[in-house]
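Enquirer: Below is a structure I'd like to ask you about.
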Number of protein chains: 2
Amino acid sequence: MSGRTARRRVTMTEVARAAGVSVMTVSYAYGRPDRVSDETRAKVREAAERLGYPGPHPGARSLRRGRTGNLGVVLGEHLTYAFDDPQASRFLAGVAQVCADHGMALTLVPVTGGPADVDRVTEAAVDAFVVWTTADDDPVIDAIAATGLPATVHGGPRRDGLAFVAADDRAAARAAGGEVFAGARRPAVLSFPLDRARVSTVTFGAPAPRPGASDSAGAARDENATGSGGAIPKSARLSVLGAGVRGPVSGIDPETATFRVTRQRLRGFRDAWSEIGGDWPEVRVAVCSTNSAREAEELAAELLTGPHACDAVAAMSDELALGTLRAAARLGLAAPADFTLSGWDDTDAAAPAGLTTIAQSLRDQGARCARAALGHPAPGDRDTEVAWHLVRRDSTRRRR
Amino acid sequence: MSGRTARRRVTMTEVARAAGVSVMTVSYAYGRPDRVSDETRAKVREAAERLGYPGPHPGARSLRRGRTGNLGVVLGEHLTYAFDDPQASRFLAGVAQVCADHGMALTLVPVTGGPADVDRVTEAAVDAFVVWTTADDDPVIDAIAATGLPATVHGGPRRDGLAFVAADDRAAARAAGGEVFAGARRPAVLSFPLDRARVSTVTFGAPAPRPGASDSAGAARDENATGSGGAIPKSARLSVLGAGVRGPVSGIDPETATFRVTRQRLRGFRDAWSEIGGDWPEVRVAVCSTNSAREAEELAAELLTGPHACDAVAAMSDELALGTLRAAARLGLAAPADFTLSGWDDTDAAAPAGLTTIAQSLRDQGARCARAALGHPAPGDRDTEVAWHLVRRDSTRRRR
DNA sequence: CTGTTAGCGCTTTCAT
DNA sequence: ATGAAAGCGCTAACAG
């Protein structure tokens, strides 16, 4: 525990005086070494060494130069999700790769979900922003737009003036749903959170359309909206599973989800089930508060048991799908014999588990977001849509 | 792809003029709202809104105030390891938690392993540094010390003037080794990299003591050095396993490892084997270039097969141990029937796998490092040493 | 190749 | 409650 002795910083002026040259010469010695004679540079370096000058003050330099060398990253979650959520991590690894390539630091803005988040964004000394999936009503988006800095949003929400990168989640969900729901009688979706209240709500009964954000709003925000959304059946059922965890429920309206990714995937799964001739209210939807196998295991156990046990589960991530497999194993069930299952992302664990899934690279998407924000797009970055494809594996083989 | 239109930033001066007040009044309106009448503040806010003023320029503010609001994190690895290496992620989640608590941004300094890393550190606009395990000869450490900013190093190297946080890796390895090596005839260690050359070396034959950093140097750097280190036997054997992967080899000298954590753990495993009456050169050491189960699986397959198949594997992380289990499963072997196995960290996956391991919380250690660097130590942070304990599970039950 | 001038945008004194 | 002056530490732009 030493290191806390913040000794005063030596300034360039002091070095200049000690070396017997002007401040500009010192500045050049550091910033433009070739503009200075070897001799002078040596003199400067020597004086700097002697005085313990650590080089130009980064803050002063960036104020003068008008750039910080930092790429800001804002999450629609608590800062720790950057390292806790496997999807966010993969995405950020891509961002980090691009940062490293360009010698830019990666600054994670300390959001916590509280009202101060807006200030944290405003106070971030960065040259550009990358935003990882947040809700349509997150005020942080406006704060970012207000800075006037280049910014790329991944997943959502879309906003004028901000670049946007996302796969066609609805189409992909429709593809996955078509596979996993085929031949099913009691389908279910294992979903990401619908909105930012993810961790604080435990509801009983059928969820009523919320006041502010709602049906038509959601539909208006995105292209491809089908409108309506199934009515909520009287049989809707919700169980308590612990703080922050909503239990399985029937008939959630996709349009009420303020996370665009969740909304689009719910829509896609609804599309798929409709195409098979089903009705959306027949689909049970379990909402996880986080993207973790552990939590999914709890919810999946609910889905897979009881008189109305599901026989098809479409999960919004491989992590959730793997949690489902763990629950199944505990219950003595197996896919595809007892139920079909699909995941999302095609992570390393998907193939060994025989999991049907949507393949996409969050890492590439992160890199792409970073490149867009930094103004260094690669050739392929032109297209707005991002590549994905359905990978069929054993977890949905039943009907074949 | 909009967002690239970096409109010029509105300044406080312009807002002042528009609001018909002085610059100071605007500054107060933002930084010290109570020092300004409600009326004036409203006037200022209105003008700001109208002009699109995003609030005080963070860089200018921090230059004036003398603090940035950023905690810098430096890895002894490529920047992407922050999100790719599970250990680093757990550590950084702890750092992130503390940052969020204090409203500080977390700035990952873009190191790549190249010579420019030093400059990246010098140019980082931060108030303090946290360093995640690097090698004794990493020049970045000097650069950090030169800034004069508070800094905490996790794992190593120790350095005067920088705070230091680490568990007693040697003692812990001795404890794990005592457990996993008990009754073994052909022990092995599955190790982290020895030095920064981790990914570039594929060697044949017995490794000669390297020129610069070496035996006595390593011993001198740490307390508890036992000196000597076993001679390298003629039978030393190295196999090629692909780029960046050293194959298993006998008789690596712990003192040659420039990563302090690796060195201390090797020493501890040597201690354990000696206590049982063994000779260090009898212990095979497989060095992984990264902390990944995938790579461990490859190396472990080597260790567990052939005429001299090992019957005890001490791994330096749970990830490496789980890779070993995967290799074993593929080979039709199981622990503890065919070999004993120990991991490190007691991650979530350890208990389900029945893995004997060293329990410690990298997350807590990350939080602790951040608190120390930021000058907000918690009560328990006083002790230099960090808590750990041996968790005995089935993977070493054979002899009991 | 080196130096002079000006000012990046803000906030800390210290008045009024 | 508001304002004027000064300058945080540095570098672009221009001389010489």
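Every chain in the structure tokens takes a letter, A first, then B, and so on in the order presented; its residues are numbered from 1, and the ligands are numbered from 1 following the presented order.
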Quick one: everything within 8 Å of region 124-141 of chain B, counting only C-alpha atoms (C1' of nucleotides), minus sequence neighbours fewer than 5 positions away in the same chain. Send it as number ranges by chain.
Expert: A: 57-59, 105; B: 67-77, 88, 107, 109, 117-118, 149-157, 195-196, 213, 258-261, 369-370, 373-374
Enquirer: If you run DSSP on this backbone, which residues of region 91-203 of chain A come out as alpha helix (DSSP H), and could you give them as a count of residues only?
Expert: 38
Enquirer: What separation in Å, quoted to one decimal, exists between CA of Phe83 (chain A) and CA of Pro352 (chain A)?
Expert: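 Pair CA of Phe83 (chain A) / CA of Pro352 (chain A) returns 24.0 Å.
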Enquirer: Name the residues in contact with Thr122 (chain B) at a cut-off of 8 Å, using only C-alpha atoms (C1' of nucleotides), excluding same-chain residues fewer than 5 positions from it; report them as an MDAnalysis selection string.
Expert: (chainID A and resid 54:55 58) or (chainID B and resid 143:144 147)
Enquirer: Nearest to Ala93 (chain B) among A:Leu106, A:Leu162, A:Leu362, A:Leu79, with distances taken over only C-alpha atoms: which residue is it?
Expert: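 The answer is A:Leu79, which sits nearest to Ala93 (chain B).
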Enquirer: Applying 12 Å and only C-alpha atoms (C1' of nucleotides), which residues near region 384-389 of chain B remain after dropping the ones on its own chain fewer than 4 positions away? List them as number ranges by chain.
Expert: A: 1-2; B: 152-155, 158, 163-176, 344-346, 356-366, 368-369, 372, 380
Enquirer: Would you write out, as a tab-separated table, a table of all residues in chain A that have an atom no more than 7 Å from an atom of chain C, listing for each the closest atom pair and the distance in Å to one decimal, considering only C-alpha atoms (C1' of nucleotides) and ordering rows by chain and rising residue number?
Expert:
residue	atom	partner	partner_atom	distance
A:Ser22	CA	C:DG3	C1'	6.6
A:Thr25	CA	C:DT2	C1'	6.8
A:Arg35	CA	C:DC1	C1'	7.0
A:Val36	CA	C:DC1	C1'	6.3
A:Ser37	CA	C:DC1	C1'	6.9
A:Leu63	CA	C:DC8	C1'	5.5
A:Arg64	CA	C:DC8	C1'	4.6
Enquirer: Write a file of the selected residues as a compact mmCIF listing (two decimals), in the first residue's frame, keeping N, CA and C atoms.
Expert:
# COMPACT_ATOMS: atom_id res chain seq x y z
N SER A 22 13.55 26.28 -25.13
CA SER A 22 12.20 26.79 -24.99
C SER A 22 11.21 25.64 -24.77
N THR A 25 10.51 23.50 -27.80
CA THR A 25 11.51 22.51 -28.13
C THR A 25 11.26 21.21 -27.36
N ARG A 35 11.72 16.75 -35.62
CA ARG A 35 11.82 18.20 -35.84
C ARG A 35 12.87 18.82 -34.93
N VAL A 36 13.63 17.99 -34.28
CA VAL A 36 14.58 18.48 -33.28
C VAL A 36 15.92 17.78 -33.50
N SER A 37 17.01 18.50 -33.32
CA SER A 37 18.31 17.87 -33.52
C SER A 37 18.56 16.81 -32.45
N LEU A 63 -6.71 18.50 -24.60
CA LEU A 63 -7.49 19.74 -24.68
C LEU A 63 -7.01 20.54 -25.88
N ARG A 64 -5.71 20.64 -25.98
CA ARG A 64 -5.12 21.43 -27.06
C ARG A 64 -5.37 20.79 -28.43
Enquirer: Using only C-alpha atoms (C1' of nucleotides) and a cut-off of 8 Å, which residues of chain A sit close to chain D? Please list them as a list of chain:residue names.
Expert: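 Within 8 Å of chain D on chain A, we get A:Thr11, A:Met12, A:Met24, A:Ser27, A:Pro56, A:His57, A:Ala60, A:Arg61, A:Arg64, A:Arg65.
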Enquirer: So which residues touch Thr396 (chain B) within 7 Å, counting only C-alpha atoms (C1' of nucleotides), skipping near sequence neighbours fewer than 2 positions away, as a ChimeraX atom specification?
Expert: /B:179-180,336,340-341,356,393-394,398
Enquirer: If we count only C-alpha atoms (C1' of nucleotides) and set the cut-off at 9 Å, which residues sit around Asp101 (chain A), ignoring sequence neighbours fewer than 5 positions away in its own chain? Please answer as a ChimeraX atom specification.
Expert: /A:96 /B:110,112
Enquirer: Considering only C-alpha atoms, state which residue in the set A:Ser342, A:Gln87, A:Ser274, A:Thr324 is at the smallest distance from chain B.
Expert: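 Nearest to chain B: A:Gln87.
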Enquirer: How would you write, as a PyMOL selection string, the set of residues in region 50-92 of chain B that DSSP gives as strand (DSSP E or B)?
Expert: chain B and resi 70-75
Enquirer: Would you output that residue set with N, CA and C atoms, as a compact mmCIF listing (two decimals), in the first residue's frame?
Expert:
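Heads up, here's the output in again.txt:
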# COMPACT_ATOMS: atom_id res chain seq x y z
N ASN B 70 -11.08 9.05 -14.32
CA ASN B 70 -10.81 7.75 -14.97
C ASN B 70 -9.86 6.92 -14.13
N LEU B 71 -10.19 5.67 -13.98
CA LEU B 71 -9.22 4.73 -13.42
C LEU B 71 -8.63 3.94 -14.58
N GLY B 72 -7.31 3.95 -14.70
CA GLY B 72 -6.67 3.24 -15.80
C GLY B 72 -6.39 1.80 -15.43
N VAL B 73 -6.63 0.90 -16.37
CA VAL B 73 -6.30 -0.50 -16.14
C VAL B 73 -5.32 -0.94 -17.22
N VAL B 74 -4.25 -1.55 -16.77
CA VAL B 74 -3.23 -2.03 -17.70
C VAL B 74 -3.10 -3.53 -17.54
N LEU B 75 -3.17 -4.24 -18.65
CA LEU B 75 -3.01 -5.69 -18.62
C LEU B 75 -1.63 -6.06 -19.12
Enquirer: In Å, with one decimal, what is the gap from CA of Cys310 (chain A) to CA of Pro187 (chain A)?
Expert: 5.7 Å
